[in-house]
Structure formats: C-alpha cells, structure tokens
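S.K.: Please find model25.pdb (PDB, C-alpha atoms, pLDDT in the B column) on the next line:
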```pdb
ATOM      1  CA  MET W   1      72.134 143.413  92.742  1.00 52.00           C
ATOM      2  CA  MET W   2      68.480 142.651  93.053  1.00 60.00           C
ATOM      3  CA  ASP W   3      66.238 145.429  94.234  1.00 66.00           C
ATOM      4  CA  PRO W   4      62.626 144.551  95.163  1.00 66.00           C
ATOM      5  CA  GLU W   5      61.591 148.125  94.416  1.00 73.00           C
ATOM      6  CA  HIS W   6      62.586 147.881  90.744  1.00 68.00           C
ATOM      7  CA  ASN W   7      60.874 145.166  88.686  1.00 69.00           C
ATOM      8  CA  GLU W   8      61.507 146.407  85.157  1.00 71.00           C
ATOM      9  CA  GLU W   9      63.501 144.413  82.625  1.00 69.00           C
ATOM     10  CA  VAL W  10      67.225 144.958  82.746  1.00 63.00           C
ATOM     11  CA  SER W  11      69.598 144.538  79.834  1.00 68.00           C
ATOM     12  CA  VAL W  12      73.321 144.814  79.437  1.00 67.00           C
ATOM     13  CA  LEU W  13      73.939 146.602  76.177  1.00 71.00           C
ATOM     14  CA  ALA W  14      77.721 146.346  76.376  1.00 67.00           C
ATOM     15  CA  LEU W  15      77.526 142.571  75.892  1.00 68.00           C
ATOM     16  CA  ASN W  16      76.113 143.104  72.412  1.00 71.00           C
ATOM     17  CA  GLN W  17      79.196 145.106  71.467  1.00 77.00           C
ATOM     18  CA  VAL W  18      81.751 142.439  72.376  1.00 75.00           C
ATOM     19  CA  GLU W  19      83.761 141.112  69.454  1.00 82.00           C
ATOM     20  CA  LEU W  20      84.588 137.427  69.287  1.00 82.00           C
ATOM     21  CA  VAL W  21      88.291 136.637  69.433  1.00 84.00           C
ATOM     22  CA  ASP W  22      89.897 133.394  68.300  1.00 85.00           C
ATOM     23  CA  ILE W  23      92.180 131.922  70.922  1.00 82.00           C
ATOM     24  CA  PRO W  24      94.597 129.372  69.500  1.00 83.00           C
ATOM     25  CA  CYS W  25      94.632 126.298  71.718  1.00 77.00           C
ATOM     26  CA  PRO W  26      97.398 123.841  70.971  1.00 77.00           C
ATOM     27  CA  GLU W  27      96.443 120.203  70.981  1.00 72.00           C
ATOM     28  CA  PRO W  28      97.101 118.607  74.360  1.00 67.00           C
ATOM     29  CA  ILE W  29     100.353 116.682  74.482  1.00 65.00           C
ATOM     30  CA  LEU W  30      99.244 114.117  77.044  1.00 66.00           C
ATOM     31  CA  ARG W  31      96.229 112.026  76.139  1.00 69.00           C
ATOM     32  CA  LEU W  32      94.666 109.350  78.274  1.00 73.00           C
ATOM     33  CA  GLY W  33      95.172 106.069  76.555  1.00 83.00           C
ATOM     34  CA  ASP W  34      93.647 102.715  77.379  1.00 83.00           C
ATOM     35  CA  LYS W  35      96.624 101.786  79.558  1.00 86.00           C
ATOM     36  CA  ASN W  36      96.307 104.951  81.675  1.00 87.00           C
ATOM     37  CA  ILE W  37      92.570 104.437  82.095  1.00 88.00           C
ATOM     38  CA  LEU W  38      93.091 100.809  83.151  1.00 90.00           C
ATOM     39  CA  LEU W  39      95.777 101.794  85.647  1.00 92.00           C
ATOM     40  CA  GLU W  40      93.516 104.468  87.116  1.00 92.00           C
ATOM     41  CA  ALA W  41      90.617 102.001  87.425  1.00 93.00           C
ATOM     42  CA  HIS W  42      92.907  99.422  89.047  1.00 93.00           C
ATOM     43  CA  ASN W  43      94.287 101.934  91.551  1.00 94.00           C
ATOM     44  CA  THR W  44      90.803 103.191  92.388  1.00 94.00           C
ATOM     45  CA  ALA W  45      89.507  99.656  92.978  1.00 90.00           C
ATOM     46  CA  GLU W  46      92.526  98.808  95.119  1.00 90.00           C
ATOM     47  CA  SER W  47      92.061 101.948  97.203  1.00 92.00           C
ATOM     48  CA  MET W  48      88.374 101.180  97.717  1.00 88.00           C
ATOM     49  CA  ALA W  49      89.196  97.602  98.755  1.00 83.00           C
ATOM     50  CA  LEU W  50      91.727  98.840 101.311  1.00 85.00           C
ATOM     51  CA  ASP W  51      89.160 101.307 102.697  1.00 87.00           C
ATOM     52  CA  ASN W  52      86.615  98.496 103.042  1.00 80.00           C
ATOM     53  CA  PHE W  53      89.191  96.242 104.721  1.00 80.00           C
ATOM     54  CA  SER W  54      90.173  98.986 107.174  1.00 85.00           C
ATOM     55  CA  SER W  55      86.525  99.648 107.969  1.00 83.00           C
ATOM     56  CA  ALA W  56      85.932  95.935 108.556  1.00 79.00           C
ATOM     57  CA  LEU W  57      88.778  95.811 111.058  1.00 80.00           C
ATOM     58  CA  LYS W  58      87.111  98.591 113.073  1.00 83.00           C
ATOM     59  CA  MET W  59      83.702  96.871 113.254  1.00 79.00           C
ATOM     60  CA  LYS W  60      82.684  95.513 116.659  1.00 79.00           C
ATOM     61  CA  ALA W  61      79.888  93.004 115.921  1.00 79.00           C
ATOM     62  CA  PRO W  62      81.434  89.684 114.801  1.00 76.00           C
ATOM     63  CA  ASN W  63      78.606  88.811 112.396  1.00 75.00           C
ATOM     64  CA  VAL W  64      78.930  92.213 110.669  1.00 73.00           C
ATOM     65  CA  LYS W  65      82.716  92.108 110.767  1.00 74.00           C
ATOM     66  CA  SER W  66      82.869  88.726 109.020  1.00 76.00           C
ATOM     67  CA  ILE W  67      80.986  89.867 105.877  1.00 75.00           C
ATOM     68  CA  PRO W  68      83.803  91.964 104.305  1.00 70.00           C
ATOM     69  CA  PHE W  69      86.286  89.168 105.023  1.00 70.00           C
ATOM     70  CA  LYS W  70      84.023  86.681 103.226  1.00 74.00           C
ATOM     71  CA  TRP W  71      83.959  89.044 100.242  1.00 70.00           C
ATOM     72  CA  LEU W  72      87.735  89.324 100.395  1.00 68.00           C
ATOM     73  CA  PHE W  73      88.265  85.559 100.403  1.00 69.00           C
ATOM     74  CA  ASN W  74      85.722  85.064  97.600  1.00 67.00           C
ATOM     75  CA  LYS W  75      87.515  87.636  95.439  1.00 61.00           C
ATOM     76  CA  SER W  76      90.904  85.999  95.981  1.00 54.00           C
ATOM     77  CA  ASN W  77      89.715  82.540  94.886  1.00 52.00           C
TER      78      ASN W  77
END
```
Mind turning the file's structure into structure tokens?
M.R.:
Amino acid sequence: MMDPEHNEEVSVLALNQVELVDIPCPEPILRLGDKNILLEAHNTAESMALDNFSSALKMKAPNVKSIPFKWLFNKSN
C-alpha cells in the first residue's frame, strides 16, 4: 500500500532469492493453418455484413437507408 507519510525507497529482498524453475511446455497440438485463418476471416466478414444489413433495415431516412443497399448490390456484382 502507498503511504504518503513514508517516501523512502522500498525493496523486496525475497524476490532476489527466488530460483528459476524450468516448466516443460509441450508443443501445442492445434496450430492455426492458412485454411483456419481464411475461414475465420470469411466468417468475420460475413458477420460484419449481416450487422450492417440489419442496421440498414432499422434506418428511417430513405437517403441514408439506401447507401448500405447500394454497397450490397455493388459487392454482389
């Protein structure tokens, strides 16, 4: 805890006495390959597109509402 009444330097001597220990860590079995990364990117993009589409459906102003639909139709062509 910090005490405004005590401003002297503080040290923790016990940390200097700690011995390093090797911890064996087996190699991970599951590695992300290119296919997994591509699938994750695809799913993320699809989720974002659905969020944008849902948001566009909730918009009231017709000129604002039409912009995401224009993007959607441009992407599909």
S.K.: To one decimal place, how far is atom CA of W:Leu39 from atom CA of W:Ser54 in Å?
M.R.: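 Distance between the two atoms: 22.4 Å.
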S.K.: Output the residue selection produced by the PyMOL selection byres ((chain W and resi 53) around 12) on the file above, formatted as a VMD selection string.
M.R.: chain W and resid 46 to 52 54 to 59 65 to 73
S.K.: Quick one: pull the distance between atom CA of W:Ala45 and atom CA of W:Val64, Å, one decimal.
M.R.: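 Distance reported for this atom pair: 21.9 Å.
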